[in-house]
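The structure under discussion appears below in the form of structure tokens.
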Amino acid sequence: MSKAKKPAATGLADARAEHARLSAEIAGHDRAYYQEDAPVISDAAYDALKARLLALELRCPELATADSPSQLVGAAPASGFAKLRHAVPMLSLDNAFADDEVRDFEARIRKFLKLDTAESVAYVAEPKIDGLSMSLTYEHGRLVRAATRGDGSEGEDVTENLRTLKDVPVTLRKDAPDAIEVRGEVYMTKHDFLALNARQAEAGEKSFANPRNAAAGGVRQIDPNVTASRPLRFFAYAAGLMSAKLADTHWQFLERLNDWGFPTNPRATRCIGAEALLAFYARIGDLRASLDYDIDGVVYKIDRLDWQERLGFVARAPRWAIAHKFPAERATTRLNAITIQVGRTGTLTPVAELAPVNVGGVVVSRATLHNADEIARKDVRVGDTVVIQRAGDVIPQIVSVVLEKRPQDSRPYVFPGICPACGADAVREAGEVARRCVGGLICPAQAVERLKHFVARDAFDIDGLGKKHIEEFWRDKLIQAPADIFRLHARKDAIVARKGWDEISASKLLAAIEARRSIALDRFILALGIRQVGQATARLLARDYGSYASWRDAMFAAADRETGAYQRLDAIEGIGEAVADDIVAFMHDRHNRDVLAALERELTIADMAPVASTSAIAGKTIVFTGTLTGMGRSEAKARAEALGAKVASSVSKATDLVVAGPGAGSKRKAAEALGVAVIDEDEWRKLAEG
Ligand code: IVH
């Protein structure tokens, strides 16, 4: 288990040499990304380089000169705002609606941290502001960057606009550390929102649907003077990248923020235990209407920062915090019709076409009806008056029918047995709730939906190629298959000639497409639209196989279930047999193979860099077995992954290390038979520290 660690840059001369090397490398990637629109490494690999540079500059501040890549911001892209990568991703929060979900949250934390029953858990509970999240970076006490959340890894540079907010200090009071990143919410008070809308109406300008939209509009102004004229406010509530430890608890951290001049929410409260959180929730719920800003729930955060660190993150949300949302807003309206949408895998989804109605500030005219069973269960009929609800970003739903208002001649809804898009049979397979169109490749609806998925935000994310464009380009035969997108440059004249397009917009679209000719492996896998392969699974696959070629070849080989290739796929923690089978079936399909081959000719698919780590277990495959007494199984797994290791659920030749706690049985034996190293919990703890 010994892996030579890279010697740390000891003297200043070494540090300077390392700094020069990293700077040159980053500058090259910046050029590729910002000027050539053709990045050659994944975002994660870029972030790792940047993090190493920053760490070096924190150790040797004299290296942080004005021309260091750490100080530079990329050139402005066509959209008007330069893009900024977040040094630490800006994540979202998991939601809880019911009280028991909050109790479960505490139970999960206790289990993860292996807390004794006598130990209490302290939280900070805060109102959840309905605004837009913002990252503010200060260096040597001065505001140097402000970025929107964007997609979580990359936001827009709105520094000049944020400087105009009275709530955002441009320089920090007291002595702040060299580099801090403060996160929080930009919002508009209800009072200011109403006044702004009145002014807008008077001036004949558009009015805003709600304070959140008004705040977002204010931040995304090209001219900072316009932003300055909008009454925007800010509450600070979280930390991004910090050059020094600032506090032991979140509560202390909020106090420090106040000392430096940031407004924090005055209603934030320290609570012990889940029941105290629920009491806070009830209190804020009662106050909600009287608060002068919109909130959509409350947020609970573990107070101890060392616990936050141990708990870490899953996918896109921290384990140490949760949003407890207020119940959805409801309204009553008439159901005019039920239409059927066909998804990319052929699923038929019924959609309620409603008489437009305002639900909590948003006009709703459609709602999902899920599937045939759901319609039958609620006995929803065309012509009914229905109660609908909206919860946060969730698609509106039909809650119930107002039976007293049902027209006398109404008939139960009959779900179609054929696909409305292609006329093929729509069948319901055993054990499934959905009817699925069997038209496959001949079904135009499926083809279009697959293309929309391909260009979606988490997949290829092509600026200016939205769902509407895909539908139109598909109808007019400009795009029939994914690879056609990358051949559109040959059809530029046809695009320019289209209604609503001109030379400039067509060039912009083609440039955005060129920018995605090079793509990260996980995004590529996600874009393929394999059943059950969402973002988390796509990442697991990309991490595990590292390069497109090795993933593809392994998936082809895995068609035979008896092979090591299938077993390796199935052994990836988080990928079960059903998912493995869907992946293999997808890769086996002749048409899909043609799609892949065509894409290979057009694209450069970047390798997924392993997590930057100098740990001895980086790149190794680990299996945990038996009971771990010091840390829970999920913490052990999270720690191993953070150090760049892969965690598998079964032992095979590909396993590098087995961590066996008391009670380990067959896996330990398998390891011994295969000659795989086995260590105990104490040895694991030592590894996990570094
Ligand atoms: S903490 C890693 N605290 O809610 C978690 N978020 O649903 C960082 N939000 O994107 C977020 N009020 O825009 C936090 N007091 C609060 C918040 C808050 C509003 C927003 C924030 C975030 C979203 C997640």
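We name chains A, B, ... following the order of the structure tokens; residues begin at 1 in each chain, and ligands are numbered from 1 as shown.
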
TODO: Would you mind listing the residues within 6 Å of ligand 1, counting only C-alpha atoms and all ligand atoms, as an NGL selection string?
DONE: :A and (91-93 or 126-130 or 132-133 or 185 or 237-238 or 299 or 318)

Write out the residues from the selection above, keeping N, CA, C and O atoms, as a short mmCIF file (atom, residue, chain, number, x, y, z; two decimals), in the first residue's frame.
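Once everything was written out, this is out_10.cif:
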data_model
loop_
_atom_site.label_atom_id
_atom_site.label_comp_id
_atom_site.auth_asym_id
_atom_site.auth_seq_id
_atom_site.Cartn_x
_atom_site.Cartn_y
_atom_site.Cartn_z
N LEU A 91 -24.08 24.30 -4.05
CA LEU A 91 -25.01 23.17 -4.09
C LEU A 91 -26.42 23.60 -3.74
O LEU A 91 -26.65 24.73 -3.34
N SER A 92 -27.33 22.67 -3.89
CA SER A 92 -28.69 22.97 -3.44
C SER A 92 -28.95 22.18 -2.16
O SER A 92 -28.02 21.58 -1.61
N LEU A 93 -30.16 22.19 -1.69
CA LEU A 93 -30.49 21.51 -0.43
C LEU A 93 -31.53 20.45 -0.69
O LEU A 93 -32.39 20.61 -1.55
N GLU A 126 -32.77 28.74 10.07
CA GLU A 126 -32.86 30.07 9.43
C GLU A 126 -34.03 30.09 8.46
O GLU A 126 -34.33 29.07 7.85
N PRO A 127 -34.66 31.23 8.27
CA PRO A 127 -35.68 31.32 7.22
C PRO A 127 -35.03 31.04 5.85
O PRO A 127 -33.87 31.38 5.64
N LYS A 128 -35.76 30.41 4.97
CA LYS A 128 -35.24 30.13 3.63
C LYS A 128 -35.75 31.23 2.69
O LYS A 128 -36.93 31.26 2.33
N ILE A 129 -34.84 32.12 2.34
CA ILE A 129 -35.21 33.31 1.57
C ILE A 129 -35.46 32.91 0.11
O ILE A 129 -34.66 32.20 -0.49
N ASP A 130 -36.54 33.41 -0.45
CA ASP A 130 -36.85 33.08 -1.84
C ASP A 130 -36.26 34.17 -2.76
O ASP A 130 -36.95 35.06 -3.22
N LEU A 132 -32.15 34.90 -5.00
CA LEU A 132 -31.20 34.12 -5.80
C LEU A 132 -29.85 34.08 -5.11
O LEU A 132 -29.43 35.08 -4.52
N SER A 133 -29.22 32.90 -5.14
CA SER A 133 -28.02 32.78 -4.34
C SER A 133 -26.83 33.40 -5.06
O SER A 133 -26.77 33.45 -6.28
N GLU A 185 -28.13 35.28 -0.09
CA GLU A 185 -29.27 35.43 -1.01
C GLU A 185 -29.51 36.90 -1.31
O GLU A 185 -29.60 37.72 -0.40
N TYR A 237 -25.36 33.80 4.52
CA TYR A 237 -25.69 32.61 5.31
C TYR A 237 -24.75 31.42 5.16
O TYR A 237 -24.97 30.37 5.76
N ALA A 238 -23.73 31.51 4.30
CA ALA A 238 -22.87 30.32 4.13
C ALA A 238 -21.47 30.73 3.71
O ALA A 238 -21.24 31.85 3.26
N VAL A 299 -34.40 26.61 6.79
CA VAL A 299 -33.25 25.75 6.55
C VAL A 299 -32.65 25.37 7.90
O VAL A 299 -32.49 26.22 8.77
N PRO A 318 -25.69 19.00 0.67
CA PRO A 318 -24.95 18.58 1.86
C PRO A 318 -25.77 17.61 2.72
O PRO A 318 -26.99 17.69 2.71
#

TODO: Compile the contact shell of Ser153 (chain A) as a ChimeraX atom specification: residues with an atom at most 7 Å away, counting only C-alpha atoms, same-chain residues fewer than 3 positions apart removed.
DONE: /A:85-86,89-90

With all heavy atoms kept, could you save the residues just selected as a PDB file, in the first residue's frame?
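Wrote it out as out_27.pdb, contents follow:
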ATOM      1  N   ARG A  85     -15.933  30.274 -12.619  1.00  0.00           N
ATOM      2  CA  ARG A  85     -16.070  28.957 -12.000  1.00  0.00           C
ATOM      3  C   ARG A  85     -16.041  29.118 -10.493  1.00  0.00           C
ATOM      4  O   ARG A  85     -15.229  29.869  -9.964  1.00  0.00           O
ATOM      5  CB  ARG A  85     -14.872  28.068 -12.383  1.00  0.00           C
ATOM      6  CG  ARG A  85     -14.979  27.487 -13.752  1.00  0.00           C
ATOM      7  CD  ARG A  85     -13.645  26.858 -14.115  1.00  0.00           C
ATOM      8  NE  ARG A  85     -13.562  26.701 -15.549  1.00  0.00           N
ATOM      9  CZ  ARG A  85     -13.701  25.537 -16.175  1.00  0.00           C
ATOM     10  NH1 ARG A  85     -13.888  24.445 -15.477  1.00  0.00           N
ATOM     11  NH2 ARG A  85     -13.634  25.463 -17.480  1.00  0.00           N
ATOM     12  N   HIS A  86     -16.906  28.396  -9.807  1.00  0.00           N
ATOM     13  CA  HIS A  86     -16.891  28.448  -8.352  1.00  0.00           C
ATOM     14  C   HIS A  86     -15.759  27.564  -7.831  1.00  0.00           C
ATOM     15  O   HIS A  86     -15.640  26.417  -8.239  1.00  0.00           O
ATOM     16  CB  HIS A  86     -18.226  27.953  -7.795  1.00  0.00           C
ATOM     17  CG  HIS A  86     -19.386  28.793  -8.242  1.00  0.00           C
ATOM     18  ND1 HIS A  86     -19.475  30.131  -7.938  1.00  0.00           N
ATOM     19  CD2 HIS A  86     -20.482  28.511  -8.976  1.00  0.00           C
ATOM     20  CE1 HIS A  86     -20.584  30.623  -8.466  1.00  0.00           C
ATOM     21  NE2 HIS A  86     -21.210  29.662  -9.106  1.00  0.00           N
ATOM     22  N   PRO A  89     -18.143  24.081  -5.421  1.00  0.00           N
ATOM     23  CA  PRO A  89     -19.447  24.115  -6.097  1.00  0.00           C
ATOM     24  C   PRO A  89     -20.537  24.695  -5.197  1.00  0.00           C
ATOM     25  O   PRO A  89     -20.497  24.529  -3.984  1.00  0.00           O
ATOM     26  CB  PRO A  89     -19.738  22.643  -6.401  1.00  0.00           C
ATOM     27  CG  PRO A  89     -18.450  21.938  -6.282  1.00  0.00           C
ATOM     28  CD  PRO A  89     -17.570  22.728  -5.382  1.00  0.00           C
ATOM     29  N   MET A  90     -21.498  25.399  -5.821  1.00  0.00           N
ATOM     30  CA  MET A  90     -22.638  25.924  -5.060  1.00  0.00           C
ATOM     31  C   MET A  90     -23.757  24.902  -5.179  1.00  0.00           C
ATOM     32  O   MET A  90     -24.294  24.687  -6.257  1.00  0.00           O
ATOM     33  CB  MET A  90     -23.081  27.268  -5.615  1.00  0.00           C
ATOM     34  CG  MET A  90     -22.112  28.374  -5.288  1.00  0.00           C
ATOM     35  SD  MET A  90     -22.689  29.983  -5.850  1.00  0.00           S
ATOM     36  CE  MET A  90     -23.792  30.477  -4.535  1.00  0.00           C
TER      37      MET A  90
END

Do you know which residues are at most 8 Å from Ala483 (chain A) counting only C-alpha atoms, after dropping those on the same chain fewer than 5 positions away, and could you put them as a PDB file with N, CA, C and O atoms, in the first residue's frame?
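Result went into around-v7.pdb, see below:
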ATOM      1  N   VAL A 595     -25.435   5.560 -33.439  1.00  0.00           N
ATOM      2  CA  VAL A 595     -25.447   6.916 -32.869  1.00  0.00           C
ATOM      3  C   VAL A 595     -24.091   7.207 -32.220  1.00  0.00           C
ATOM      4  O   VAL A 595     -23.496   8.274 -32.417  1.00  0.00           O
ATOM      5  N   ALA A 598     -21.326   7.706 -34.806  1.00  0.00           N
ATOM      6  CA  ALA A 598     -21.427   9.009 -35.476  1.00  0.00           C
ATOM      7  C   ALA A 598     -20.924  10.107 -34.540  1.00  0.00           C
ATOM      8  O   ALA A 598     -20.216  11.029 -34.964  1.00  0.00           O
ATOM      9  N   LEU A 599     -21.251  10.009 -33.252  1.00  0.00           N
ATOM     10  CA  LEU A 599     -20.800  11.031 -32.304  1.00  0.00           C
ATOM     11  C   LEU A 599     -19.287  10.985 -32.124  1.00  0.00           C
ATOM     12  O   LEU A 599     -18.633  12.021 -32.004  1.00  0.00           O
ATOM     13  N   GLU A 602     -17.458  13.129 -34.367  1.00  0.00           N
ATOM     14  CA  GLU A 602     -17.612  14.581 -34.221  1.00  0.00           C
ATOM     15  C   GLU A 602     -16.961  15.144 -32.957  1.00  0.00           C
ATOM     16  O   GLU A 602     -16.646  16.325 -32.902  1.00  0.00           O
TER      17      GLU A 602
END

Open item on the list: According to DSSP computed on the backbone, where in region 378-622 of chain A is there strand (DSSP E)? Give the residues as a ChimeraX atom specification.
Closed with: /A:385-390,397-401,426-428,435-437,518-520,604-606,621-622

Open item on the list: as a PyMOL selection string, please: every residue in region 263-367 of chain A that a backbone DSSP assignment puts in alpha helix (DSSP H).
Closed with: chain A and resi 274-287+305-311

Using the selection just defined, write its residues with N, CA and C atoms as a compact mmCIF listing (two decimals), in the first residue's frame.
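Okay, again-v3.txt is ready:
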# COMPACT_ATOMS: atom_id res chain seq x y z
N ALA A 274 -34.43 17.78 17.07
CA ALA A 274 -35.41 17.92 16.00
C ALA A 274 -36.69 18.61 16.46
N GLU A 275 -37.12 18.35 17.71
CA GLU A 275 -38.38 18.94 18.14
C GLU A 275 -38.28 20.47 18.22
N ALA A 276 -37.10 20.95 18.60
CA ALA A 276 -36.91 22.41 18.65
C ALA A 276 -36.96 22.99 17.24
N LEU A 277 -36.47 22.22 16.26
CA LEU A 277 -36.52 22.68 14.87
C LEU A 277 -37.98 22.81 14.43
N LEU A 278 -38.79 21.82 14.81
CA LEU A 278 -40.20 21.84 14.39
C LEU A 278 -40.94 23.02 15.03
N ALA A 279 -40.55 23.35 16.27
CA ALA A 279 -41.18 24.50 16.93
C ALA A 279 -40.80 25.79 16.19
N PHE A 280 -39.55 25.87 15.75
CA PHE A 280 -39.08 27.04 14.99
C PHE A 280 -39.89 27.16 13.69
N TYR A 281 -40.06 26.01 13.03
CA TYR A 281 -40.80 25.97 11.76
C TYR A 281 -42.22 26.52 11.96
N ALA A 282 -42.87 26.07 13.03
CA ALA A 282 -44.25 26.52 13.29
C ALA A 282 -44.27 28.03 13.54
N ARG A 283 -43.27 28.50 14.31
CA ARG A 283 -43.22 29.93 14.65
C ARG A 283 -43.04 30.77 13.39
N ILE A 284 -42.10 30.36 12.55
CA ILE A 284 -41.83 31.14 11.33
C ILE A 284 -43.03 31.05 10.38
N GLY A 285 -43.68 29.88 10.35
CA GLY A 285 -44.87 29.72 9.52
C GLY A 285 -45.94 30.73 9.91
N ASP A 286 -46.10 30.95 11.23
CA ASP A 286 -47.09 31.93 11.69
C ASP A 286 -46.70 33.34 11.30
N LEU A 287 -45.39 33.59 11.28
CA LEU A 287 -44.91 34.94 11.00
C LEU A 287 -44.83 35.24 9.50
N LEU A 305 -19.03 22.89 12.92
CA LEU A 305 -18.45 22.84 11.57
C LEU A 305 -17.61 21.57 11.36
N ASP A 306 -17.04 21.03 12.46
CA ASP A 306 -16.29 19.78 12.27
C ASP A 306 -17.24 18.64 11.90
N TRP A 307 -18.45 18.70 12.43
CA TRP A 307 -19.45 17.69 12.05
C TRP A 307 -19.89 17.90 10.60
N GLN A 308 -20.07 19.16 10.23
CA GLN A 308 -20.44 19.45 8.84
C GLN A 308 -19.41 18.83 7.90
N GLU A 309 -18.16 19.01 8.27
CA GLU A 309 -17.10 18.51 7.40
C GLU A 309 -17.14 16.98 7.30
N ARG A 310 -17.35 16.34 8.45
CA ARG A 310 -17.42 14.87 8.40
C ARG A 310 -18.62 14.40 7.58
N LEU A 311 -19.73 15.11 7.72
CA LEU A 311 -20.95 14.68 7.02
C LEU A 311 -20.81 14.85 5.52

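Counting from CA of Val342 (chain A), the distance to CA of Val380 (chain A) is 20.1 Å.
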
Task: Spatial neighbours of Val88 (chain A), 9 Å, only C-alpha atoms, chain gap at least 5 places, as a PyMOL selection string - done: chain A and resi 47+152-153+240-241

Selection file, N, CA, C and O atoms, as a CSV table (one decimal), in the first residue's frame:
chain,number,residue,atom,x,y,z
A,47,ASP,N,-10.8,22.6,-11.8
A,47,ASP,CA,-10.9,23.1,-10.4
A,47,ASP,C,-9.8,22.6,-9.5
A,47,ASP,O,-9.3,23.3,-8.6
A,152,GLY,N,-24.2,25.7,-10.7
A,152,GLY,CA,-23.6,25.2,-9.5
A,152,GLY,C,-22.1,25.1,-9.6
A,152,GLY,O,-21.4,25.3,-8.6
A,153,SER,N,-21.5,24.9,-10.8
A,153,SER,CA,-20.1,24.9,-10.9
A,153,SER,C,-19.6,26.1,-11.6
A,153,SER,O,-18.4,26.5,-11.4
A,240,GLY,N,-18.0,29.9,1.4
A,240,GLY,CA,-17.4,29.2,0.2
A,240,GLY,C,-16.0,28.8,0.6
A,240,GLY,O,-15.7,28.4,1.7
A,241,LEU,N,-15.0,29.1,-0.3
A,241,LEU,CA,-13.6,28.8,-0.1
A,241,LEU,C,-13.0,29.8,0.9
A,241,LEU,O,-13.2,31.0,0.8

Open item on the list: Can you tell me which residues surround Gly261 (chain A) at a distance of at most 9 Å, considering only C-alpha atoms, apart from same-chain residues fewer than 6 positions away, and format the answer as a PyMOL selection string?
Closed with: chain A and resi 167-169+171-174

Could the residues in this selection be saved with all heavy atoms as a short mmCIF file (atom, residue, chain, number, x, y, z; two decimals), in the first residue's frame?
data_model
loop_
_atom_site.label_atom_id
_atom_site.label_comp_id
_atom_site.auth_asym_id
_atom_site.auth_seq_id
_atom_site.Cartn_x
_atom_site.Cartn_y
_atom_site.Cartn_z
N ASP A 167 -26.30 46.51 1.04
CA ASP A 167 -26.08 45.41 1.99
C ASP A 167 -24.77 44.66 1.76
O ASP A 167 -24.38 43.83 2.58
CB ASP A 167 -27.22 44.38 1.88
CG ASP A 167 -28.49 44.87 2.56
OD1 ASP A 167 -28.42 45.88 3.28
OD2 ASP A 167 -29.54 44.23 2.36
N VAL A 168 -24.12 44.90 0.61
CA VAL A 168 -22.91 44.15 0.30
C VAL A 168 -21.69 45.03 0.57
O VAL A 168 -21.46 46.01 -0.14
CB VAL A 168 -22.91 43.69 -1.19
CG1 VAL A 168 -21.55 43.13 -1.59
CG2 VAL A 168 -24.00 42.67 -1.42
N PRO A 169 -20.91 44.72 1.62
CA PRO A 169 -19.73 45.55 1.90
C PRO A 169 -18.70 45.42 0.78
O PRO A 169 -18.46 44.32 0.30
CB PRO A 169 -19.19 44.99 3.21
CG PRO A 169 -19.85 43.68 3.41
CD PRO A 169 -21.09 43.63 2.58
N THR A 171 -15.61 46.79 1.20
CA THR A 171 -14.43 46.42 2.00
C THR A 171 -14.94 45.92 3.35
O THR A 171 -15.99 46.37 3.82
CB THR A 171 -13.50 47.63 2.25
OG1 THR A 171 -14.30 48.70 2.74
CG2 THR A 171 -12.81 48.08 0.99
N LEU A 172 -14.18 45.02 3.94
CA LEU A 172 -14.66 44.41 5.17
C LEU A 172 -14.17 45.16 6.39
O LEU A 172 -13.01 45.57 6.46
CB LEU A 172 -14.21 42.95 5.24
CG LEU A 172 -14.74 42.07 4.11
CD1 LEU A 172 -14.30 40.63 4.31
CD2 LEU A 172 -16.25 42.15 4.03
N ARG A 173 -15.08 45.31 7.35
CA ARG A 173 -14.68 45.89 8.64
C ARG A 173 -13.80 44.88 9.35
O ARG A 173 -13.85 43.70 9.08
CB ARG A 173 -15.92 46.09 9.51
CG ARG A 173 -16.87 47.13 9.05
CD ARG A 173 -17.64 47.72 10.22
NE ARG A 173 -18.52 46.77 10.89
CZ ARG A 173 -19.83 46.69 10.69
NH1 ARG A 173 -20.40 47.46 9.80
NH2 ARG A 173 -20.58 45.84 11.36
N LYS A 174 -13.04 45.31 10.31
CA LYS A 174 -12.17 44.44 11.12
C LYS A 174 -11.22 43.67 10.20
O LYS A 174 -11.29 43.73 8.99
CB LYS A 174 -13.00 43.48 11.95
CG LYS A 174 -13.89 44.19 12.93
CD LYS A 174 -14.17 43.29 14.09
CE LYS A 174 -14.94 44.05 15.14
NZ LYS A 174 -15.50 43.15 16.12
#

Distance query Met188 (chain A) at most 8 Å, only C-alpha atoms, self and fewer than 4 positions along chain excluded, as a PDB file with N, CA, C and O atoms, in the first residue's frame:
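What ended up in out-v7.pdb:
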ATOM      1  N   GLY A 131     -34.956  34.069  -2.970  1.00  0.00           N
ATOM      2  CA  GLY A 131     -34.283  35.047  -3.817  1.00  0.00           C
ATOM      3  C   GLY A 131     -33.364  34.317  -4.761  1.00  0.00           C
ATOM      4  O   GLY A 131     -33.721  33.265  -5.272  1.00  0.00           O
ATOM      5  N   ASP A 192     -40.808  46.945  -1.447  1.00  0.00           N
ATOM      6  CA  ASP A 192     -40.051  47.526  -2.564  1.00  0.00           C
ATOM      7  C   ASP A 192     -40.505  46.955  -3.905  1.00  0.00           C
ATOM      8  O   ASP A 192     -40.499  47.643  -4.928  1.00  0.00           O
ATOM      9  N   PHE A 193     -40.885  45.685  -3.880  1.00  0.00           N
ATOM     10  CA  PHE A 193     -41.348  45.031  -5.104  1.00  0.00           C
ATOM     11  C   PHE A 193     -42.616  45.708  -5.626  1.00  0.00           C
ATOM     12  O   PHE A 193     -42.733  46.024  -6.814  1.00  0.00           O
ATOM     13  N   PRO A 211     -41.346  38.995  -6.256  1.00  0.00           N
ATOM     14  CA  PRO A 211     -40.099  39.657  -5.830  1.00  0.00           C
ATOM     15  C   PRO A 211     -38.849  38.911  -6.294  1.00  0.00           C
ATOM     16  O   PRO A 211     -37.824  39.533  -6.598  1.00  0.00           O
ATOM     17  N   ARG A 212     -38.938  37.582  -6.370  1.00  0.00           N
ATOM     18  CA  ARG A 212     -37.774  36.807  -6.791  1.00  0.00           C
ATOM     19  C   ARG A 212     -37.362  37.170  -8.231  1.00  0.00           C
ATOM     20  O   ARG A 212     -36.188  37.416  -8.505  1.00  0.00           O
ATOM     21  N   ALA A 214     -38.088  39.876  -9.796  1.00  0.00           N
ATOM     22  CA  ALA A 214     -37.642  41.268  -9.822  1.00  0.00           C
ATOM     23  C   ALA A 214     -36.187  41.352  -9.360  1.00  0.00           C
ATOM     24  O   ALA A 214     -35.379  42.092  -9.930  1.00  0.00           O
ATOM     25  N   ALA A 215     -35.828  40.562  -8.345  1.00  0.00           N
ATOM     26  CA  ALA A 215     -34.448  40.573  -7.848  1.00  0.00           C
ATOM     27  C   ALA A 215     -33.509  40.015  -8.919  1.00  0.00           C
ATOM     28  O   ALA A 215     -32.452  40.594  -9.194  1.00  0.00           O
ATOM     29  N   PRO A 231     -34.104  48.251  -5.783  1.00  0.00           N
ATOM     30  CA  PRO A 231     -33.897  48.093  -4.325  1.00  0.00           C
ATOM     31  C   PRO A 231     -33.534  46.657  -3.927  1.00  0.00           C
ATOM     32  O   PRO A 231     -34.352  45.933  -3.368  1.00  0.00           O
ATOM     33  N   LEU A 232     -32.294  46.252  -4.197  1.00  0.00           N
ATOM     34  CA  LEU A 232     -31.893  44.876  -3.891  1.00  0.00           C
ATOM     35  C   LEU A 232     -31.261  44.769  -2.515  1.00  0.00           C
ATOM     36  O   LEU A 232     -30.533  45.653  -2.088  1.00  0.00           O
ATOM     37  N   ARG A 233     -31.547  43.671  -1.836  1.00  0.00           N
ATOM     38  CA  ARG A 233     -31.021  43.446  -0.495  1.00  0.00           C
ATOM     39  C   ARG A 233     -30.248  42.135  -0.455  1.00  0.00           C
ATOM     40  O   ARG A 233     -30.325  41.337  -1.381  1.00  0.00           O
ATOM     41  N   TYR A 293     -40.289  39.906   3.461  1.00  0.00           N
ATOM     42  CA  TYR A 293     -39.643  39.252   2.314  1.00  0.00           C
ATOM     43  C   TYR A 293     -40.248  37.860   2.157  1.00  0.00           C
ATOM     44  O   TYR A 293     -40.737  37.283   3.128  1.00  0.00           O
TER      45      TYR A 293
END
